[in-house]
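Below: data12.pdb (PDB, C-alpha atoms and all ligand atoms)
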ATOM      1  CA  MET A   1       2.835  15.345 -14.032  1.00  0.00           C
ATOM      2  CA  SER A   2       5.488  17.048 -16.124  1.00  0.00           C
ATOM      3  CA  ARG A   3       6.610  19.707 -13.666  1.00  0.00           C
ATOM      4  CA  THR A   4       9.677  18.543 -11.769  1.00  0.00           C
ATOM      5  CA  ARG A   5       9.660  19.049  -8.063  1.00  0.00           C
ATOM      6  CA  ARG A   6      12.481  20.759  -6.294  1.00  0.00           C
ATOM      7  CA  GLN A   7      13.498  18.366  -3.595  1.00  0.00           C
ATOM      8  CA  ILE A   8      13.549  19.477   0.004  1.00  0.00           C
ATOM      9  CA  PRO A   9      17.213  19.045   1.023  1.00  0.00           C
ATOM     10  CA  SER A  10      17.661  16.193   3.449  1.00  0.00           C
ATOM     11  CA  GLU A  11      19.633  18.387   5.855  1.00  0.00           C
ATOM     12  CA  ILE A  12      16.412  20.187   6.645  1.00  0.00           C
ATOM     13  CA  ASN A  13      15.011  18.545   9.717  1.00  0.00           C
ATOM     14  CA  LEU A  14      11.317  18.498   9.051  1.00  0.00           C
ATOM     15  CA  ALA A  15       9.021  19.051  12.014  1.00  0.00           C
ATOM     16  CA  GLN A  16       7.142  15.988  13.209  1.00  0.00           C
ATOM     17  CA  ASN A  17       3.723  17.619  13.262  1.00  0.00           C
ATOM     18  CA  LEU A  18       1.686  18.992  10.392  1.00  0.00           C
ATOM     19  CA  ALA A  19       1.589  22.548  11.776  1.00  0.00           C
ATOM     20  CA  GLY A  20       5.371  22.856  12.078  1.00  0.00           C
ATOM     21  CA  ARG A  21       6.019  21.137   8.796  1.00  0.00           C
ATOM     22  CA  LEU A  22       3.643  23.338   6.803  1.00  0.00           C
ATOM     23  CA  LYS A  23       5.220  26.499   8.187  1.00  0.00           C
ATOM     24  CA  GLN A  24       8.725  25.176   7.527  1.00  0.00           C
ATOM     25  CA  LEU A  25       7.936  24.186   3.940  1.00  0.00           C
ATOM     26  CA  ARG A  26       6.128  27.439   3.244  1.00  0.00           C
ATOM     27  CA  GLU A  27       9.074  29.460   4.531  1.00  0.00           C
ATOM     28  CA  TYR A  28      11.484  27.265   2.598  1.00  0.00           C
ATOM     29  CA  ARG A  29       9.570  28.129  -0.569  1.00  0.00           C
ATOM     30  CA  ASN A  30       9.711  31.823   0.391  1.00  0.00           C
ATOM     31  CA  MET A  31       5.966  32.073   0.582  1.00  0.00           C
ATOM     32  CA  THR A  32       3.927  34.167   2.976  1.00  0.00           C
ATOM     33  CA  GLU A  33       0.692  32.850   4.445  1.00  0.00           C
ATOM     34  CA  LEU A  34      -1.063  35.047   1.914  1.00  0.00           C
ATOM     35  CA  ASP A  35       0.929  33.530  -0.979  1.00  0.00           C
ATOM     36  CA  LEU A  36       0.011  30.053   0.162  1.00  0.00           C
ATOM     37  CA  SER A  37      -3.598  31.041   0.613  1.00  0.00           C
ATOM     38  CA  ARG A  38      -3.715  32.380  -2.942  1.00  0.00           C
ATOM     39  CA  ALA A  39      -1.930  29.360  -4.409  1.00  0.00           C
ATOM     40  CA  THR A  40      -4.257  26.897  -2.702  1.00  0.00           C
ATOM     41  CA  ARG A  41      -7.471  28.924  -2.582  1.00  0.00           C
ATOM     42  CA  LEU A  42      -7.719  27.998   1.057  1.00  0.00           C
ATOM     43  CA  SER A  43      -8.591  30.998   3.200  1.00  0.00           C
ATOM     44  CA  ARG A  44      -5.806  32.802   4.985  1.00  0.00           C
ATOM     45  CA  GLN A  45      -7.539  31.941   8.253  1.00  0.00           C
ATOM     46  CA  ARG A  46      -7.428  28.280   7.293  1.00  0.00           C
ATOM     47  CA  ILE A  47      -3.676  28.473   6.630  1.00  0.00           C
ATOM     48  CA  GLU A  48      -3.183  30.182   9.989  1.00  0.00           C
ATOM     49  CA  ASP A  49      -5.255  27.504  11.713  1.00  0.00           C
ATOM     50  CA  LEU A  50      -3.275  24.737  10.069  1.00  0.00           C
ATOM     51  CA  GLU A  51       0.033  26.277  11.072  1.00  0.00           C
ATOM     52  CA  ALA A  52      -1.279  26.834  14.591  1.00  0.00           C
ATOM     53  CA  GLY A  53      -2.129  23.156  14.901  1.00  0.00           C
ATOM     54  CA  VAL A  54      -5.897  23.719  15.103  1.00  0.00           C
ATOM     55  CA  GLU A  55      -6.284  21.017  12.466  1.00  0.00           C
ATOM     56  CA  THR A  56      -3.988  18.022  12.635  1.00  0.00           C
ATOM     57  CA  TRP A  57      -4.806  16.273   9.389  1.00  0.00           C
ATOM     58  CA  LEU A  58      -5.932  17.102   5.846  1.00  0.00           C
ATOM     59  CA  SER A  59      -8.587  15.867   3.493  1.00  0.00           C
ATOM     60  CA  ALA A  60      -7.214  14.270   0.345  1.00  0.00           C
ATOM     61  CA  SER A  61      -8.122  17.307  -1.758  1.00  0.00           C
ATOM     62  CA  ASP A  62      -6.620  19.823   0.679  1.00  0.00           C
ATOM     63  CA  ARG A  63      -3.453  17.744   0.870  1.00  0.00           C
ATOM     64  CA  GLN A  64      -3.303  17.759  -2.937  1.00  0.00           C
ATOM     65  CA  VAL A  65      -3.582  21.534  -3.319  1.00  0.00           C
ATOM     66  CA  LEU A  66      -1.166  22.227  -0.465  1.00  0.00           C
ATOM     67  CA  SER A  67       1.471  19.812  -1.707  1.00  0.00           C
ATOM     68  CA  ARG A  68       1.118  21.172  -5.237  1.00  0.00           C
ATOM     69  CA  ALA A  69       1.513  24.753  -4.000  1.00  0.00           C
ATOM     70  CA  LEU A  70       4.516  23.784  -1.859  1.00  0.00           C
ATOM     71  CA  ASN A  71       5.966  21.673  -4.650  1.00  0.00           C
ATOM     72  CA  ILE A  72       6.334  18.528  -2.573  1.00  0.00           C
ATOM     73  CA  GLU A  73       5.038  14.983  -2.583  1.00  0.00           C
ATOM     74  CA  PRO A  74       1.699  14.654  -0.731  1.00  0.00           C
ATOM     75  CA  ALA A  75       3.317  11.933   1.379  1.00  0.00           C
ATOM     76  CA  VAL A  76       5.548  14.568   3.018  1.00  0.00           C
ATOM     77  CA  LEU A  77       2.422  16.089   4.565  1.00  0.00           C
ATOM     78  CA  LEU A  78       0.623  12.810   5.102  1.00  0.00           C
ATOM     79  CA  GLU A  79       3.359  11.364   7.303  1.00  0.00           C
ATOM     80  CA  SER A  80       3.117  14.349   9.664  1.00  0.00           C
ATOM     81  CA  GLU A  81      -0.644  14.191  10.015  1.00  0.00           C
ATOM     82  CA  LEU A  82      -2.275  13.044  13.194  1.00  0.00           C
ATOM     83  CA  ARG A  83      -5.591  11.502  12.397  1.00  0.00           C
ATOM     84  CA  PRO A  84      -8.262  10.636  14.890  1.00  0.00           C
ATOM     85  CA  ASP A  85      -9.355   7.021  14.796  1.00  0.00           C
ATOM     86  CA  SER A  86     -11.876   6.889  11.965  1.00  0.00           C
ATOM     87  CA  GLY A  87     -14.293   4.745  13.957  1.00  0.00           C
ATOM     88  CA  ALA A  88     -14.440   7.323  16.729  1.00  0.00           C
ATOM     89  CA  HIS A  89     -14.820  10.235  14.386  1.00  0.00           C
ATOM     90  CA  PRO A  90     -18.103  10.221  12.443  1.00  0.00           C
ATOM     91  CA  VAL A  91     -17.224  13.277  10.346  1.00  0.00           C
ATOM     92  CA  TYR A  92     -14.121  11.585   9.051  1.00  0.00           C
ATOM     93  CA  ALA A  93     -15.896   8.269   8.426  1.00  0.00           C
ATOM     94  CA  GLU A  94     -18.546  10.168   6.476  1.00  0.00           C
ATOM     95  CA  GLN A  95     -15.924  11.960   4.408  1.00  0.00           C
ATOM     96  CA  GLU A  96     -14.095   8.726   3.727  1.00  0.00           C
ATOM     97  CA  ARG A  97     -17.270   7.038   2.521  1.00  0.00           C
ATOM     98  CA  PHE A  98     -17.818   9.969   0.183  1.00  0.00           C
ATOM     99  CA  VAL A  99     -14.273   9.843  -1.206  1.00  0.00           C
ATOM    100  CA  LEU A 100     -14.399   6.072  -1.718  1.00  0.00           C
ATOM    101  CA  GLY A 101     -17.846   6.332  -3.307  1.00  0.00           C
ATOM    102  CA  GLU A 102     -16.613   8.928  -5.784  1.00  0.00           C
ATOM    103  CA  LEU A 103     -13.546   6.873  -6.536  1.00  0.00           C
ATOM    104  CA  GLY A 104     -15.621   3.779  -7.239  1.00  0.00           C
ATOM    105  CA  GLU A 105     -17.932   5.728  -9.534  1.00  0.00           C
ATOM    106  CA  SER A 106     -14.980   7.147 -11.479  1.00  0.00           C
ATOM    107  CA  ILE A 107     -13.553   3.673 -11.980  1.00  0.00           C
ATOM    108  CA  LEU A 108     -16.888   2.304 -13.175  1.00  0.00           C
ATOM    109  CA  ALA A 109     -17.185   5.307 -15.522  1.00  0.00           C
ATOM    110  CA  GLY A 110     -13.904   4.255 -17.129  1.00  0.00           C
ATOM    111  CA  SER A 111     -11.356   6.566 -15.502  1.00  0.00           C
ATOM    112  CA  ARG A 112      -7.979   4.971 -15.028  1.00  0.00           C
ATOM    113  CA  ASP A 113      -5.851   8.014 -14.295  1.00  0.00           C
ATOM    114  CA  LEU A 114      -6.822   8.264 -10.618  1.00  0.00           C
ATOM    115  CA  VAL A 115      -4.755   9.132  -7.595  1.00  0.00           C
ATOM    116  CA  CYS A 116      -4.631   7.494  -4.200  1.00  0.00           C
ATOM    117  CA  PRO A 117      -6.747   9.437  -1.666  1.00  0.00           C
ATOM    118  CA  ALA A 118      -4.220   8.599   1.035  1.00  0.00           C
ATOM    119  CA  CYS A 119      -0.883   9.509  -0.552  1.00  0.00           C
ATOM    120  CA  GLY A 120      -1.575  10.990  -4.009  1.00  0.00           C
ATOM    121  CA  SER A 121       0.327   8.324  -5.980  1.00  0.00           C
ATOM    122  CA  GLY A 122      -1.081   6.573  -9.018  1.00  0.00           C
ATOM    123  CA  LEU A 123      -3.732   3.946  -8.430  1.00  0.00           C
ATOM    124  CA  ARG A 124      -4.074   0.646 -10.264  1.00  0.00           C
ATOM    125  CA  CYS A 125      -7.769   0.403 -11.063  1.00  0.00           C
ATOM    126  CA  SER A 126      -9.906  -2.363 -12.472  1.00  0.00           C
ATOM    127  CA  ILE A 127     -13.486  -3.482 -12.649  1.00  0.00           C
ATOM    128  CA  GLN A 128     -14.352  -6.894 -11.332  1.00  0.00           C
ATOM    129  CA  LYS A 129     -17.338  -8.530 -12.955  1.00  0.00           C
ATOM    130  CA  GLY A 130     -19.409 -10.749 -10.735  1.00  0.00           C
ATOM    131  CA  PHE A 131     -22.919 -11.435  -9.562  1.00  0.00           C
ATOM    132  CA  ASP A 132     -24.894  -9.757  -6.829  1.00  0.00           C
ATOM    133  CA  ILE A 133     -26.916 -11.554  -4.157  1.00  0.00           C
ATOM    134  CA  GLN A 134     -29.832 -12.042  -6.562  1.00  0.00           C
ATOM    135  CA  GLY A 135     -27.536 -13.581  -9.151  1.00  0.00           C
ATOM    136  CA  ARG A 136     -27.658 -10.553 -11.483  1.00  0.00           C
ATOM    137  CA  PRO A 137     -24.412  -9.558 -13.208  1.00  0.00           C
ATOM    138  CA  SER A 138     -22.673  -6.694 -11.415  1.00  0.00           C
ATOM    139  CA  CYS A 139     -19.499  -4.668 -11.704  1.00  0.00           C
ATOM    140  CA  LEU A 140     -17.349  -3.876  -8.711  1.00  0.00           C
ATOM    141  CA  PRO A 141     -14.693  -1.143  -8.783  1.00  0.00           C
ATOM    142  CA  LYS A 142     -11.300  -2.241  -7.488  1.00  0.00           C
ATOM    143  CA  ALA A 143      -8.195  -0.166  -6.903  1.00  0.00           C
ATOM    144  CA  PHE A 144      -4.953  -0.408  -5.043  1.00  0.00           C
ATOM    145  CA  CYS A 145      -2.159   2.062  -4.485  1.00  0.00           C
ATOM    146  CA  GLN A 146       1.267   1.340  -5.900  1.00  0.00           C
ATOM    147  CA  LYS A 147       3.010   3.125  -3.035  1.00  0.00           C
ATOM    148  CA  CYS A 148       0.986   2.854   0.178  1.00  0.00           C
ATOM    149  CA  PRO A 149      -1.354   0.227   1.659  1.00  0.00           C
ATOM    150  CA  PHE A 150      -4.512   1.908   0.339  1.00  0.00           C
ATOM    151  CA  ILE A 151      -6.937  -0.497  -1.278  1.00  0.00           C
ATOM    152  CA  LEU A 152     -10.478  -0.151  -2.583  1.00  0.00           C
ATOM    153  CA  LYS A 153     -12.322  -3.431  -2.617  1.00  0.00           C
TER     154      LYS A 153
HETATM  155 ZN    ZN A 201      -1.305   5.575  -1.695  1.00  0.00          ZN
END
Would you mind giving the structure from this file in structure tokens?
Ligand SMILES: [Zn+2]
Amino acid sequence: MSRTRRQIPSEINLAQNLAGRLKQLREYRNMTELDLSRATRLSRQRIEDLEAGVETWLSASDRQVLSRALNIEPAVLLESELRPDSGAHPVYAEQERFVLGELGESILAGSRDLVCPACGSGLRCSIQKGFDIQGRPSCLPKAFCQKCPFILK
């Protein structure tokens, strides 16, 4: 990424929750809800819901577009998110399986320039050659994040 990010000054006390933090960052960037909606292609209603605390966490792709539009590291949003326990939340578990499945397929297809679905940093990817249960050769996608504990195994 060549574009440099304007740092959020440390004297700004960022809100602890996602709703407060999004509003703060948006206002700091002098953006209206409509500006942010246009920059992210999320609906204006969605932005309002997020800032009202209707949603407390973001999908990896929504976090990406929002952090890009706000010119911040995705981790700034991630650390304010409140995520329901994945085991107790079938929709999230389903989404996670989908994200991990896509990631694995990209690695097997030869992509190496992939980002961590949890924090947006660069992933170290590799393919592990092995054998499946029937003894046939198989390839397993592996990845780990260089910044956060995310690991695909
Ligand atoms: Zn990460």
Quick one: everything within 7 Å of segment 135-142 of chain A, counting only C-alpha atoms, minus sequence neighbours fewer than 3 positions away in the same chain. Send it as a VMD selection string.
-> chain A and resid 104 107 to 108 125 to 132 152 to 153
Name the residues captured by the PyMOL selection byres (((chain A and resi 29) around 12) and not hetatm) when it is applied to the shown file; answer as number ranges by chain.
-> A: 5-9, 22-28, 30-33, 35-36, 67-72
Would you work out the distance separating atom CA of Ala19 of chain A from atom ZN of ligand ZN 201 (chain A), expressed in Å to one decimal?
-> 21.9 Å
Fewer than 6 positions away in the same chain doesn't count, so skip those; otherwise give me all residues within 7 Å of Gly122 of chain A, counting all atoms listed in the file, as number ranges by chain.
-> A: 114-116, 145-146
Atomic distance atom CA of Thr40 of chain A - atom CA of Val76 of chain A, expressed in Å with one decimal | 16.8 Å
Box for segment 58-63 of chain A - axis-aligned, 5 Å on each of the six sides, all listed atoms - centre and size in Å to one decimal, as JSON.
{"center_x": -6.0, "center_y": 17.0, "center_z": 2.0, "size_x": 15.1, "size_y": 15.6, "size_z": 17.6}
Residues matched by the PyMOL selection byres (((chain A and resi 121) around 12) and not hetatm), written as a ChimeraX atom specification = /A:1,60,64,73-75,78,113-120,122-124,144-150
How far is it from atom CA of Asn13 of chain A to atom CA of Leu82 of chain A, in Å with one decimal?
-> 18.5 Å
Taking the file as shown, what set of residues would the PyMOL selection byres (((chain A and resi 42) around 12) and not hetatm) give back, as a ChimeraX atom specification?
-> /A:33-41,43-50,61-66,69
Could those residues be written to a file, using C-alpha atoms, as a short mmCIF file (atom, residue, chain, number, x, y, z; two decimals), in the frame of the given file?
data_model
loop_
_atom_site.label_atom_id
_atom_site.label_comp_id
_atom_site.auth_asym_id
_atom_site.auth_seq_id
_atom_site.Cartn_x
_atom_site.Cartn_y
_atom_site.Cartn_z
CA GLU A 33 0.69 32.85 4.44
CA LEU A 34 -1.06 35.05 1.91
CA ASP A 35 0.93 33.53 -0.98
CA LEU A 36 0.01 30.05 0.16
CA SER A 37 -3.60 31.04 0.61
CA ARG A 38 -3.72 32.38 -2.94
CA ALA A 39 -1.93 29.36 -4.41
CA THR A 40 -4.26 26.90 -2.70
CA ARG A 41 -7.47 28.92 -2.58
CA SER A 43 -8.59 31.00 3.20
CA ARG A 44 -5.81 32.80 4.99
CA GLN A 45 -7.54 31.94 8.25
CA ARG A 46 -7.43 28.28 7.29
CA ILE A 47 -3.68 28.47 6.63
CA GLU A 48 -3.18 30.18 9.99
CA ASP A 49 -5.26 27.50 11.71
CA LEU A 50 -3.28 24.74 10.07
CA SER A 61 -8.12 17.31 -1.76
CA ASP A 62 -6.62 19.82 0.68
CA ARG A 63 -3.45 17.74 0.87
CA GLN A 64 -3.30 17.76 -2.94
CA VAL A 65 -3.58 21.53 -3.32
CA LEU A 66 -1.17 22.23 -0.46
CA ALA A 69 1.51 24.75 -4.00
#
Find the residue from A:Ile12, A:Ile133, A:Arg97, A:Glu79 that sits nearest to ligand ZN 201 (chain A); use only C-alpha atoms and all ligand atoms when measuring.
-> A:Glu79
